[in-house]
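Next up, structure-v9.txt (compact mmCIF, C-alpha atoms):
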# COMPACT_ATOMS: atom_id res chain seq x y z
CA MET A 165 6.30 34.66 26.83
CA HIS A 166 6.49 33.22 23.34
CA SER A 167 7.56 29.84 24.69
CA ASP A 168 4.61 29.84 27.13
CA ARG A 169 2.18 30.46 24.28
CA ALA A 170 3.78 27.70 22.22
CA SER A 171 3.57 25.31 25.16
CA LEU A 172 -0.09 26.21 25.69
CA SER A 173 -0.83 25.65 22.01
CA LEU A 174 0.85 22.26 22.06
CA ARG A 175 -1.14 21.24 25.13
CA ALA A 176 -4.38 22.40 23.54
CA SER A 177 -3.55 20.49 20.36
CA ALA A 178 -2.76 17.35 22.35
CA ILE A 179 -6.04 17.60 24.26
CA ALA A 180 -7.98 18.16 21.03
CA GLY A 181 -6.31 15.13 19.45
CA LEU A 182 -7.09 12.93 22.45
CA LEU A 183 -10.72 14.07 22.46
CA PHE A 184 -11.01 13.35 18.74
CA LEU A 185 -9.68 9.83 19.29
CA HIS A 186 -11.49 8.91 22.49
CA LEU A 187 -14.71 10.92 22.63
CA PRO A 188 -16.61 8.36 20.48
CA ILE A 189 -15.59 5.63 22.94
CA LEU A 190 -16.77 7.74 25.85
CA LEU A 191 -20.11 8.24 24.09
CA ILE A 192 -20.52 4.48 23.74
CA PHE A 193 -19.94 4.13 27.47
CA LEU A 194 -22.40 6.93 28.19
CA TYR A 195 -25.22 5.52 26.06
CA ALA A 196 -24.87 2.11 27.66
CA PHE A 197 -26.44 3.74 30.72
CA THR A 198 -29.18 5.78 29.03
CA THR A 199 -32.82 5.22 29.91
CA GLU A 200 -33.88 5.85 26.29
CA GLU A 201 -33.95 2.69 24.17
CA LYS A 202 -33.94 3.91 20.57
CA SER A 203 -32.53 7.43 20.40
CA TYR A 204 -29.20 9.10 20.99
CA GLU A 205 -30.55 12.25 22.55
CA PHE A 206 -27.85 14.38 24.14
CA PRO A 207 -27.62 14.75 26.98
CA PRO A 208 -29.29 11.41 27.83
CA PRO A 209 -32.66 11.90 29.54
CA GLY A 210 -31.55 9.69 32.41
CA LEU A 211 -29.07 7.05 33.50
CA THR A 212 -29.75 3.46 34.47
CA LEU A 213 -28.02 0.10 34.92
CA GLN A 214 -30.94 -1.90 33.56
CA TRP A 215 -29.32 -2.60 30.18
CA PHE A 216 -26.53 -4.60 31.79
CA GLY A 217 -29.15 -6.95 33.22
CA VAL A 218 -30.96 -7.07 29.88
CA ALA A 219 -27.70 -7.92 28.08
CA TRP A 220 -26.95 -10.65 30.63
CA SER A 221 -30.33 -12.28 30.01
CA ARG A 222 -30.17 -12.04 26.19
CA GLU A 223 -29.54 -15.61 25.03
CA ASP A 224 -28.42 -14.50 21.55
CA ILE A 225 -25.33 -12.78 22.99
CA TRP A 226 -23.69 -15.74 24.71
CA PRO A 227 -22.96 -18.04 21.70
CA PRO A 228 -21.13 -15.26 19.79
CA LEU A 229 -19.21 -14.36 22.95
CA TRP A 230 -18.03 -17.93 23.56
CA LEU A 231 -17.20 -18.33 19.87
CA SER A 232 -15.10 -15.15 19.90
CA LEU A 233 -13.23 -16.31 23.01
CA TRP A 234 -12.65 -19.78 21.50
CA VAL A 235 -11.47 -18.44 18.15
CA ALA A 236 -9.17 -15.86 19.76
CA SER A 237 -7.68 -18.44 22.15
CA ILE A 238 -6.93 -21.08 19.50
CA SER A 239 -5.68 -18.48 17.00
CA THR A 240 -3.34 -17.10 19.65
CA ILE A 241 -1.95 -20.53 20.52
CA LEU A 242 -1.31 -21.31 16.85
CA ALA A 243 0.25 -17.89 16.35
CA MET A 244 2.56 -18.26 19.35
CA ILE A 245 3.82 -21.66 18.16
CA LEU A 246 4.25 -20.81 14.48
CA GLY A 247 5.34 -17.21 15.06
CA THR A 248 8.07 -18.32 17.44
CA LEU A 249 9.37 -20.97 15.05
CA VAL A 250 9.39 -18.58 12.10
CA SER A 251 11.09 -15.82 14.10
CA ALA A 252 13.78 -18.27 15.26
CA ALA A 253 14.45 -19.30 11.66
CA MET A 254 14.57 -15.72 10.42
CA ALA A 255 16.70 -14.33 13.24
CA GLN A 256 19.14 -17.18 13.82
CA THR A 257 19.96 -18.22 10.25
CA LYS A 258 21.11 -16.46 7.10
CA PHE A 259 20.01 -17.66 3.68
CA PHE A 260 19.32 -16.32 0.20
CA GLY A 261 15.99 -14.46 -0.02
CA ARG A 262 15.57 -13.99 3.73
CA GLU A 263 14.47 -10.36 3.41
CA GLN A 264 11.92 -11.24 0.74
CA ILE A 265 10.48 -14.02 2.90
CA SER A 266 10.34 -11.60 5.82
CA LEU A 267 8.23 -9.28 3.68
CA LEU A 268 5.89 -12.15 2.78
CA ILE A 269 5.47 -12.99 6.47
CA LEU A 270 4.39 -9.40 7.22
CA LEU A 271 2.06 -9.22 4.22
CA PRO A 272 -1.16 -10.54 5.86
CA ILE A 273 -1.26 -7.66 8.32
CA ALA A 274 0.01 -5.06 5.84
CA LEU A 275 -2.66 -5.82 3.25
CA PRO A 276 -6.21 -4.47 3.68
CA GLY A 277 -8.44 -6.91 5.53
CA VAL A 278 -10.75 -7.14 2.51
CA ILE A 279 -7.93 -8.49 0.35
CA THR A 280 -6.85 -11.00 3.00
CA GLY A 281 -10.45 -12.10 3.53
CA MET A 282 -11.11 -12.53 -0.19
CA ALA A 283 -7.90 -14.50 -0.66
CA LEU A 284 -8.72 -16.82 2.22
CA ARG A 285 -12.28 -17.35 1.04
CA SER A 286 -11.08 -18.19 -2.47
CA ALA A 287 -8.48 -20.60 -1.08
CA PHE A 288 -11.03 -22.39 1.11
CA SER A 289 -13.44 -22.65 -1.81
CA ILE A 290 -10.80 -24.04 -4.18
CA MET A 291 -9.77 -26.65 -1.59
CA ASP A 292 -13.43 -27.50 -0.84
CA ILE A 293 -12.99 -26.66 2.84
CA PRO A 294 -16.43 -25.99 4.37
CA PHE A 295 -16.74 -22.70 6.20
CA SER A 296 -16.80 -23.31 9.92
CA THR A 297 -15.21 -22.25 13.18
CA TRP A 298 -11.90 -23.65 11.95
CA THR A 299 -11.86 -21.49 8.84
CA ILE A 300 -12.34 -18.46 11.09
CA ILE A 301 -9.45 -19.65 13.27
CA LEU A 302 -7.19 -20.19 10.25
CA GLY A 303 -8.10 -16.75 8.94
CA HIS A 304 -7.31 -15.08 12.24
CA ALA A 305 -4.09 -17.04 12.69
CA THR A 306 -2.70 -15.59 9.44
CA PHE A 307 -2.41 -12.11 10.93
CA CYS A 308 -1.94 -13.18 14.55
CA ILE A 309 1.27 -14.97 13.52
CA VAL A 310 2.64 -11.63 12.33
CA ILE A 311 2.01 -10.02 15.73
CA VAL A 312 3.87 -12.77 17.60
CA TYR A 313 6.59 -12.85 14.94
CA ASN A 314 7.30 -9.12 15.26
CA ASN A 315 7.73 -9.39 19.04
CA ALA A 316 9.75 -12.60 19.00
CA VAL A 317 12.10 -11.72 16.13
CA ALA A 318 13.01 -8.42 17.79
CA ARG A 319 13.93 -10.25 20.98
CA PHE A 320 15.82 -12.97 19.08
CA ARG A 321 17.94 -10.33 17.34
CA ARG A 322 18.96 -8.86 20.72
CA LEU A 323 19.84 -12.31 22.02
CA SER A 324 23.46 -13.28 21.44
CA GLY A 325 23.86 -16.48 19.48
CA GLY A 326 26.81 -17.31 21.71
CA VAL A 327 24.43 -17.93 24.60
CA MET A 328 22.98 -21.02 22.94
CA GLU A 329 26.42 -22.22 21.90
CA ALA A 330 27.60 -21.83 25.48
CA SER A 331 24.59 -23.82 26.67
CA ALA A 332 25.45 -26.64 24.26
CA ASP A 333 29.11 -26.55 25.33
CA LEU A 334 27.99 -26.99 28.93
CA GLY A 335 26.14 -30.18 27.98
CA ALA A 336 22.56 -28.94 27.71
CA ASN A 337 20.34 -30.64 25.18
CA GLY A 338 17.91 -28.79 22.91
CA PHE A 339 15.01 -28.91 25.37
CA GLN A 340 17.16 -27.71 28.28
CA THR A 341 18.50 -24.85 26.17
CA PHE A 342 14.96 -23.85 25.28
CA ARG A 343 13.70 -24.21 28.86
CA TYR A 344 16.52 -22.48 30.72
CA VAL A 345 18.01 -20.10 28.14
CA LEU A 346 15.57 -19.18 25.38
CA LEU A 347 12.29 -19.18 27.28
CA PRO A 348 13.42 -16.81 30.07
CA ASN A 349 14.74 -14.41 27.44
CA LEU A 350 11.75 -14.68 25.11
CA GLY A 351 9.05 -14.98 27.76
CA THR A 352 7.83 -11.40 27.96
CA ALA A 353 8.05 -10.88 24.19
CA LEU A 354 6.00 -14.02 23.52
CA LEU A 355 3.45 -13.15 26.19
CA ALA A 356 3.09 -9.62 24.85
CA GLY A 357 2.71 -10.93 21.31
CA GLY A 358 0.10 -13.42 22.49
CA MET A 359 -1.84 -10.72 24.30
CA LEU A 360 -1.86 -8.47 21.24
CA ALA A 361 -2.83 -11.37 18.99
CA PHE A 362 -5.74 -12.29 21.29
CA ALA A 363 -7.00 -8.70 21.33
CA LEU A 364 -6.71 -8.39 17.55
CA SER A 365 -8.52 -11.68 16.97
CA PHE A 366 -11.29 -11.02 19.48
CA ASP A 367 -12.53 -7.85 17.80
CA GLU A 368 -11.79 -8.75 14.15
CA VAL A 369 -14.67 -8.19 11.71
CA ILE A 370 -13.55 -8.05 8.07
CA VAL A 371 -11.64 -11.33 7.75
CA THR A 372 -14.30 -13.04 9.89
CA THR A 373 -17.01 -11.92 7.49
CA PHE A 374 -15.25 -13.69 4.60
CA THR A 375 -14.24 -16.86 6.48
CA ALA A 376 -17.31 -17.55 8.64
CA GLY A 377 -20.14 -19.82 7.64
CA GLN A 378 -23.34 -19.55 9.63
CA GLN A 379 -21.43 -18.69 12.80
CA SER A 380 -21.47 -15.23 14.30
CA THR A 381 -18.68 -13.88 16.48
CA LEU A 382 -19.39 -11.08 18.93
CA PRO A 383 -18.19 -8.26 16.62
CA ILE A 384 -20.31 -9.69 13.78
CA TRP A 385 -23.29 -9.85 16.17
CA MET A 386 -22.72 -6.18 17.05
CA LEU A 387 -22.56 -5.22 13.37
CA GLN A 388 -25.86 -6.99 12.71
CA GLU A 389 -27.46 -5.29 15.71
CA LEU A 390 -26.37 -1.88 14.45
CA VAL A 391 -27.97 -2.59 11.07
CA ARG A 392 -31.22 -3.87 12.61
CA PRO A 393 -31.27 -2.37 16.09
CA ARG A 394 -33.63 -3.76 18.71
CA GLN A 395 -32.17 -2.43 21.92
CA ARG A 396 -29.37 0.00 21.13
CA PRO A 397 -28.11 0.36 24.71
CA VAL A 398 -27.56 -3.42 24.82
CA THR A 399 -25.23 -3.12 21.84
CA ASN A 400 -23.32 -0.43 23.72
CA VAL A 401 -23.06 -2.71 26.76
CA VAL A 402 -21.59 -5.45 24.56
CA ALA A 403 -19.22 -2.85 23.07
CA ILE A 404 -17.95 -2.16 26.59
CA VAL A 405 -17.26 -5.89 27.01
CA VAL A 406 -15.34 -5.96 23.72
CA PHE A 407 -13.43 -2.83 24.75
CA ILE A 408 -12.37 -4.39 28.05
CA ALA A 409 -11.48 -7.72 26.41
CA THR A 410 -9.17 -5.95 23.96
CA PHE A 411 -7.87 -3.07 26.09
CA VAL A 412 -6.67 -5.21 29.01
CA PRO A 413 -4.44 -7.51 26.89
CA ILE A 414 -3.04 -4.49 25.03
CA LEU A 415 -2.30 -2.77 28.36
CA ILE A 416 -0.55 -5.89 29.68
CA ALA A 417 1.46 -6.18 26.47
CA TYR A 418 2.50 -2.54 26.80
CA TYR A 419 3.77 -3.02 30.35
CA LEU A 420 5.60 -6.20 29.37
CA THR A 421 7.50 -4.53 26.53
CA ARG A 422 7.78 -0.87 27.55
CA ASN A 423 11.45 -1.37 28.50
CA GLY A 424 12.41 -2.56 25.06
CA SER A 425 16.10 -2.74 25.83
CA ASP A 426 15.58 -5.15 28.73
CA ILE A 427 15.60 -8.89 28.22
CA ALA A 428 13.61 -11.11 30.55
CA GLY A 429 15.91 -13.24 32.60
CA SER A 430 18.99 -11.17 31.82
CA GLY A 431 19.64 -10.65 35.52
CA LYS A 432 19.92 -14.40 36.17

Whole structure, structure tokens version:
Amino acid sequence: MHSDRASLSLRASAIAGLLFLHLPILLIFLYAFTTEEKSYEFPPPGLTLQWFGVAWSREDIWPPLWLSLWVASISTILAMILGTLVSAAMAQTKFFGREQISLLILLPIALPGVITGMALRSAFSIMDIPFSTWTIILGHATFCIVIVYNNAVARFRRLSGGVMEASADLGANGFQTFRYVLLPNLGTALLAGGMLAFALSFDEVIVTTFTAGQQSTLPIWMLQELVRPRQRPVTNVVAIVVFIATFVPILIAYYLTRNGSDIAGSGK
């Protein structure tokens, strides 16, 4: 009897925790369908799909959306290249100060976004780099590299160094070793890291605020709309788009790495 009560309490606590975390998201979804334009009356007076059509026809939404997609894509590509190279160096070699350098690599994502943003803005100003799309990309790449690095270095450390030595002994050159040995083993880790990096970049606000010039990414556009609302349900519709654009890559990354002990290509 006591165990049943404890089990019931744990279930109730879990449900309460999930509601606390996800109820605000559900409210955003709900008020994207409300017929009322300027209030958050609960329950909504009615439900409609008209705001999706209004959002589609709003010309001020599309440039921030394309900019966010462009920034996230280029930042992810840079992160996958640099993060893979750094993880290979850290996992496959031993040198003095390796642990300290590892800490420095993780620092951009460990520090508050305000500190990272201020540091980047100061650096760009000192180097006379004009604020543009590329400064946003460089800012996002600093923390996206960490995401890819964490995934890749974990997989590198589970990969036996003897595999690459065996490949070289069998006559494979560096490219063949990468193509037929490393890539099959690192593939899922790199893809998962890339997915997470894309999601993190797409909805980033703080670092973008410090590194953007006159450009406005979709999250920045949403923030401005919340400060000076015109059509609140439209902002909720855009929030649904951002949610989907970030949730789907995170879900894919989860399924790619949920069996952490498995190595892609290990059955070949």

**Request:** Would you mind reading off the distance between atom CA of Val278 of chain A and atom CA of Ser380 of chain A, one decimal, in Å?
**Result:** 17.9 Å

Kindly assemble as a Markdown table a list of the segment 174-217 of chain A residues that lie within 8 Å of segment 401-405 of chain A, each paired with its nearest atom pair and their distance in Å to one decimal, using all atoms listed in the file, sorted first by chain and then by ascending residue number.
| residue | atom | partner | partner_atom | distance |
| --- | --- | --- | --- | --- |
| A:Ile192 | CA | A:Ala403 | CA | 7.5 |
| A:Phe193 | CA | A:Ile404 | CA | 6.7 |
| A:Ala196 | CA | A:Val401 | CA | 5.2 |
| A:Trp215 | CA | A:Val401 | CA | 7.1 |
| A:Phe216 | CA | A:Val401 | CA | 6.4 |

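Taking atom CA of Thr381 of chain A as the reference point, atom CA of Ile414 of chain A is found at 20.1 Å.
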
**Request:** Anything within 9 Å of (3.0, -13.0, 23.6): list those residues as a PyMOL selection string, counting all atoms listed in the file and sticking to the file's coordinates.
**Result:** chain A and resi 240+244+311-312+315-316+351-361+417

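The closest residue to Ala236 of chain A, picked from A:Ile279, A:Leu364, A:Leu390, A:Val412 and counting all atoms listed in the file, is A:Leu364.
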
For segment 228-335 of chain A versus segment 384-388 of chain A, which residues have an atom no more than 12 Å away, and what is each residue's nearest atom pair and distance in Å rounded to one decimal, using only C-alpha atoms, chain-then-number order, as JSON lines?
{"residue": "A:Pro228", "atom": "CA", "partner": "A:Trp385", "partner_atom": "CA", "distance": 6.9}
{"residue": "A:Leu229", "atom": "CA", "partner": "A:Trp385", "partner_atom": "CA", "distance": 9.1}
{"residue": "A:Leu231", "atom": "CA", "partner": "A:Ile384", "partner_atom": "CA", "distance": 11.0}
{"residue": "A:Ser232", "atom": "CA", "partner": "A:Ile384", "partner_atom": "CA", "distance": 9.7}

**Request:** Please indicate the distance in Å from atom CA of Ala376 of chain A to atom CA of Ile301 of chain A, rounded to one decimal place.
**Result:** 9.4 Å

Could I see segment 180-198 of chain A restored to N, CA and C atoms, set down as a tab-separated table (two decimals), in the frame of the given file?
chain	number	residue	atom	x	y	z
A	180	ALA	N	-7.02	18.27	22.14
A	180	ALA	CA	-7.98	18.16	21.03
A	180	ALA	C	-7.81	16.83	20.30
A	181	GLY	N	-6.56	16.41	20.10
A	181	GLY	CA	-6.31	15.13	19.45
A	181	GLY	C	-6.82	13.96	20.27
A	182	LEU	N	-6.60	14.01	21.58
A	182	LEU	CA	-7.09	12.93	22.45
A	182	LEU	C	-8.61	12.88	22.47
A	183	LEU	N	-9.25	14.04	22.49
A	183	LEU	CA	-10.72	14.07	22.46
A	183	LEU	C	-11.25	13.51	21.15
A	184	PHE	N	-10.59	13.86	20.05
A	184	PHE	CA	-11.01	13.35	18.74
A	184	PHE	C	-10.92	11.83	18.70
A	185	LEU	N	-9.88	11.27	19.32
A	185	LEU	CA	-9.68	9.83	19.29
A	185	LEU	C	-10.61	9.09	20.24
A	186	HIS	N	-10.84	9.67	21.42
A	186	HIS	CA	-11.49	8.91	22.49
A	186	HIS	C	-12.91	9.35	22.83
A	187	LEU	N	-13.34	10.49	22.34
A	187	LEU	CA	-14.71	10.92	22.63
A	187	LEU	C	-15.76	9.94	22.13
A	188	PRO	N	-15.62	9.36	20.91
A	188	PRO	CA	-16.61	8.36	20.48
A	188	PRO	C	-16.71	7.17	21.42
A	189	ILE	N	-15.56	6.74	21.99
A	189	ILE	CA	-15.59	5.63	22.94
A	189	ILE	C	-16.32	6.03	24.21
A	190	LEU	N	-16.08	7.25	24.65
A	190	LEU	CA	-16.77	7.74	25.85
A	190	LEU	C	-18.28	7.82	25.62
A	191	LEU	N	-18.68	8.18	24.41
A	191	LEU	CA	-20.11	8.24	24.09
A	191	LEU	C	-20.74	6.86	24.13
A	192	ILE	N	-20.01	5.84	23.66
A	192	ILE	CA	-20.52	4.48	23.74
A	192	ILE	C	-20.74	4.09	25.20
A	193	PHE	N	-19.78	4.42	26.05
A	193	PHE	CA	-19.94	4.13	27.47
A	193	PHE	C	-21.15	4.87	28.04
A	194	LEU	N	-21.30	6.12	27.65
A	194	LEU	CA	-22.40	6.93	28.19
A	194	LEU	C	-23.75	6.35	27.80
A	195	TYR	N	-23.91	5.98	26.53
A	195	TYR	CA	-25.22	5.52	26.06
A	195	TYR	C	-25.50	4.06	26.41
A	196	ALA	N	-24.55	3.41	27.08
A	196	ALA	CA	-24.87	2.11	27.66
A	196	ALA	C	-25.69	2.26	28.93
A	197	PHE	N	-25.72	3.48	29.47
A	197	PHE	CA	-26.44	3.74	30.72
A	197	PHE	C	-27.71	4.58	30.51
A	198	THR	N	-28.04	4.90	29.27
A	198	THR	CA	-29.18	5.78	29.03
A	198	THR	C	-30.50	5.06	29.28
